[in-house]
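> Here you go, one structure.
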Amino acid sequence: MTLFKLSLRNAKRQAKDYLVYFVTVVMAAGLIYAFNGLVFSKEVLELSVHLSSLPAAIVFASIVVVCIIGWLVHYTTGFMLTKRSRELGTYILIGLESRQVTRLFLMENLTIGGAALVLGTLLGNLLFQVLRAIVLALFGMPYHFGFSFSLRALGLTLLYFVLIYLFAQIKSRMRIRSMKIYDLIYYEKINEDEIIQRSGNRRKTFIVSIVFGVIGTSLIMIGHALPSFAGAACIIVFLYGFFISFSSGVPAYFENRPAKKYSRQTLLVFRTLSAKLATMGVVMATISLLFTAVLISQGMGLIFSSIFHNREAQSCSFDLYIASYDTNVNLSECLDFVHTNIPVTCEMQYPVYMTEDSPITDYLETSADYYRYYPKDTMMKYSDYAALRAMLGYPEATLEPGKYLIHCASYIKEYLEDYDTDVTSNEERLTQGNIYTENFNQRLYLGGNGFEFLLVLPDELLEECTVGSINYAAMTESPVSEAQYISLTDLLNRYTEPGAEDYIAAYTKAQAEADAAFGIVMFTLPLYYLALILTMTTVTILTVHQLSEMNRYRQQFTLLRKLGMGSREMVRTLRTQFAIYYAMPAIPPLFITIPFILHMGQEVDPGILVGTSHPIIILGITLGLFFLIYAIYILLAYTGLRRNVLPYA
């Protein structure tokens, strides 16, 4: 048999034995190609001028992904070398030269990588269509399926994979060629040494690591750059110290407690767990650290997505909106431009008034999580309010005699219901009426319909009140284009002298949606990209380790069956081993990411993360997505292991 045929046969066997690893590399190649497709897609880049920075963001994320996949390939290649060291040493014993064995191992792994790249490219074309559809939908553009193949995306993906496999194979080549036959044959029996030998030092390390974990999580929750970096360093110390001391301390714990050691299946589970943890302490710590990064990436991705989406919905409800603090402004030139270039279906110009004092703002500032934006409370005539509601298609709001209405953000409605205080205007006293919470341009940084709340009073009571801003709202036949918005903004800039205190600004619903879409594409998609790659990589390493022990498990349970252990008891034991093994690296990240995500959700402007975007719901979705993927890998590993280890159970 030629060296090529032997390497091809071995590659097929490895792909079968390490199917989870092969599938993960295929999926990684598909994701890399799909995101590279966005980099070179003119259709996507032409959606907005701001997307010119998208290629840089994706390339940066891809570099991180390449490092992650490179670690997976490097680690798994080294693991394969360990498990096949006796076979490779046998090849040298029967006459092959060391360089031929090195070339054989290199060809096997390159064959697996090449096959994964080809299949990943085919999968990547489908994934690119999914990403393309998502991006077009975010920008409100129609999607039409069209199979496309990008040579530049393929070339960049190929470059990434060459770098990944080149690094892994150089390390393996150096290792094989530097080892003697004896070292190769017995290389599989070499385990990771216990770093901490004495039980007293283990206990001290365990306690110190817990302290570092608490300090690190607290520092990260502060939110500033320097404390966050210090917190990240403390968390790394915590994870490695925890697993090194915990994996070394488990045997000592049971050795001093024989009653627990010999109860039920504890001895079997204990021996298997101690053997695993004693040889995988550092690996478990690394995987746990990456799990922490996965949960933070997913959580922050959902937070960013909710922020962009909710701010867009709350910022501009009208197709076109212009606001000016200069109450004497003449918008005739601006309106001439609008009427000439933008097809308007309905429009109105109206003032927003200011009260003489600020009782409601003062109340919200002390009672709710509210930021004072205007010095006084804001008011609007009922006729203007009714007309604006009709423009937006909202139900009619009835103003009863002797009452005033409130339009506010949903999160402060309960506070205003409790307030229920009379308002005096033009010497007439009004009681509180209905409260409405639809989106109504109340989260603008300049000249909105109040900031988070607005009082609606009878027209005649506001005639003598102070005007705070002059606003213009319009609905159009078609969305205002980005070019029209830029031209209108340039025109409005002429109204404001440099350094002047009076400001004027324009907003469009289409631009708010585009800004939200831009934020999601630039921040959320790369975070999901990283989280998915990290999840697949880390779980694959855990699963490869578990499946590689299949022969040992089979021998172990065959012996136990001969000794009289029942099938149900063996299944229960196998499940317990699986549960402990997969739970070990997943539990510590929960104590870090749960408070971190909840804290970050509270740091957002009030009223943004509400309803289905509440931080608790975001946390639930984050954990649900992570453990869903985790459970799929666990189920595949458990099914395969049980089928081969306990076929009779």
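Naming scheme: A, B, ... for chains in displayed order of the structure tokens; residues 1 onward per chain; ligands 1 onward as shown.
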For the structure I just gave you, how does DSSP split range 209-435 of chain A - specifically, which residues are strand (DSSP E or B)? Reply as a PyMOL selection string.
chain A and resi 320-324+344-354+378-381+403-408+423-425+428-435
> Which neighbours of range 210-225 of chain A fall inside 6 Å, counting only C-alpha atoms, when residues of the same chain fewer than 5 positions from it are skipped, and could you give them as a ChimeraX atom specification?
/A:231,234-235,238,592,596
> Go ahead and save the picked residues with all heavy atoms, as an mmCIF file, in the first residue's frame.

data_model
loop_
_atom_site.group_PDB
_atom_site.id
_atom_site.type_symbol
_atom_site.label_atom_id
_atom_site.label_comp_id
_atom_site.auth_asym_id
_atom_site.auth_seq_id
_atom_site.Cartn_x
_atom_site.Cartn_y
_atom_site.Cartn_z
ATOM 1 N N GLY A 231 -10.750 43.238 36.245
ATOM 2 C CA GLY A 231 -11.715 42.188 36.556
ATOM 3 C C GLY A 231 -11.538 40.966 35.691
ATOM 4 O O GLY A 231 -11.646 39.825 36.169
ATOM 5 N N CYS A 234 -8.661 38.985 36.988
ATOM 6 C CA CYS A 234 -9.033 38.263 38.210
ATOM 7 C C CYS A 234 -9.866 37.027 37.890
ATOM 8 O O CYS A 234 -9.713 35.976 38.524
ATOM 9 C CB CYS A 234 -9.804 39.186 39.148
ATOM 10 S SG CYS A 234 -8.811 40.483 39.919
ATOM 11 N N ILE A 235 -10.748 37.144 36.905
ATOM 12 C CA ILE A 235 -11.603 36.010 36.528
ATOM 13 C C ILE A 235 -10.759 34.885 35.927
ATOM 14 O O ILE A 235 -11.005 33.699 36.178
ATOM 15 C CB ILE A 235 -12.694 36.473 35.555
ATOM 16 C CG1 ILE A 235 -13.742 37.291 36.320
ATOM 17 C CG2 ILE A 235 -13.348 35.294 34.856
ATOM 18 C CD1 ILE A 235 -14.783 37.922 35.436
ATOM 19 N N PHE A 238 -9.183 33.191 38.721
ATOM 20 C CA PHE A 238 -10.208 32.394 39.411
ATOM 21 C C PHE A 238 -10.453 31.059 38.714
ATOM 22 O O PHE A 238 -10.444 29.997 39.359
ATOM 23 C CB PHE A 238 -11.513 33.190 39.487
ATOM 24 C CG PHE A 238 -12.740 32.338 39.620
ATOM 25 C CD1 PHE A 238 -12.982 31.610 40.780
ATOM 26 C CD2 PHE A 238 -13.657 32.245 38.583
ATOM 27 C CE1 PHE A 238 -14.113 30.810 40.899
ATOM 28 C CE2 PHE A 238 -14.790 31.454 38.690
ATOM 29 C CZ PHE A 238 -15.019 30.730 39.853
ATOM 30 N N ILE A 592 -20.492 34.226 36.878
ATOM 31 C CA ILE A 592 -19.879 35.451 36.346
ATOM 32 C C ILE A 592 -20.833 36.168 35.405
ATOM 33 O O ILE A 592 -21.067 37.374 35.520
ATOM 34 C CB ILE A 592 -18.571 35.115 35.608
ATOM 35 C CG1 ILE A 592 -17.591 34.427 36.560
ATOM 36 C CG2 ILE A 592 -17.945 36.374 35.014
ATOM 37 C CD1 ILE A 592 -16.384 33.846 35.868
ATOM 38 N N PHE A 596 -23.266 39.826 35.460
ATOM 39 C CA PHE A 596 -22.726 40.758 34.463
ATOM 40 C C PHE A 596 -23.812 41.203 33.487
ATOM 41 O O PHE A 596 -23.976 42.406 33.221
ATOM 42 C CB PHE A 596 -21.567 40.098 33.708
ATOM 43 C CG PHE A 596 -21.017 40.946 32.588
ATOM 44 C CD1 PHE A 596 -20.127 41.967 32.860
ATOM 45 C CD2 PHE A 596 -21.403 40.725 31.277
ATOM 46 C CE1 PHE A 596 -19.620 42.755 31.828
ATOM 47 C CE2 PHE A 596 -20.907 41.502 30.241
ATOM 48 C CZ PHE A 596 -20.010 42.515 30.523
#
> Report as a short mmCIF file (atom, residue, chain, number, x, y, z; two decimals) with N, CA and C atoms, in the first residue's frame all protein, DNA and RNA residues lying within 8 Å of Phe139 in chain A, evaluated on only C-alpha atoms, omitting residues in the same chain fewer than 6 positions from it.

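Writing done, so here's part.cif:
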data_model
loop_
_atom_site.label_atom_id
_atom_site.label_comp_id
_atom_site.auth_asym_id
_atom_site.auth_seq_id
_atom_site.Cartn_x
_atom_site.Cartn_y
_atom_site.Cartn_z
N LEU A 47 -26.04 49.41 0.86
CA LEU A 47 -27.27 49.70 1.59
C LEU A 47 -27.16 50.99 2.40
N GLU A 513 -34.39 53.64 11.24
CA GLU A 513 -34.35 52.20 10.98
C GLU A 513 -33.00 51.80 10.41
N ALA A 514 -32.43 52.65 9.53
CA ALA A 514 -31.12 52.34 8.95
C ALA A 514 -30.03 52.37 10.02
N ALA A 517 -30.39 49.22 11.97
CA ALA A 517 -29.88 48.09 11.18
C ALA A 517 -28.37 48.10 11.13
#
> List every residue of range 463-619 of chain A that DSSP, applied to the backbone, labels as helix (DSSP H, G or I), and write the result as an MDAnalysis selection string.
chainID A and resid 482:495 509:548 550:562 567:583 587:603 611:613 615:619
> Report, in Å to a single decimal, how far apart CA of Asn644 in chain A and CA of Phe22 in chain A are.
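Answer for the CA of Phe22 in chain A to CA of Asn644 in chain A separation: 19.7 Å.
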> Excluding Ala510 in chain A and its own-chain neighbours fewer than 6 positions away, which residues fall within 9 Å of it when counting only C-alpha atoms? Please give them as a list in words.
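Here the qualifying residues turn out to be Phe139, Gly140, Cys316, Asp319, Leu320, Pro479, Val480, Ser481 and Glu482 of chain A.
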> Can you measure CA of Val283 in chain A to CA of Ile69 in chain A for me? One decimal in Å is fine.
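Answer for the CA of Val283 in chain A to CA of Ile69 in chain A separation: 15.6 Å.
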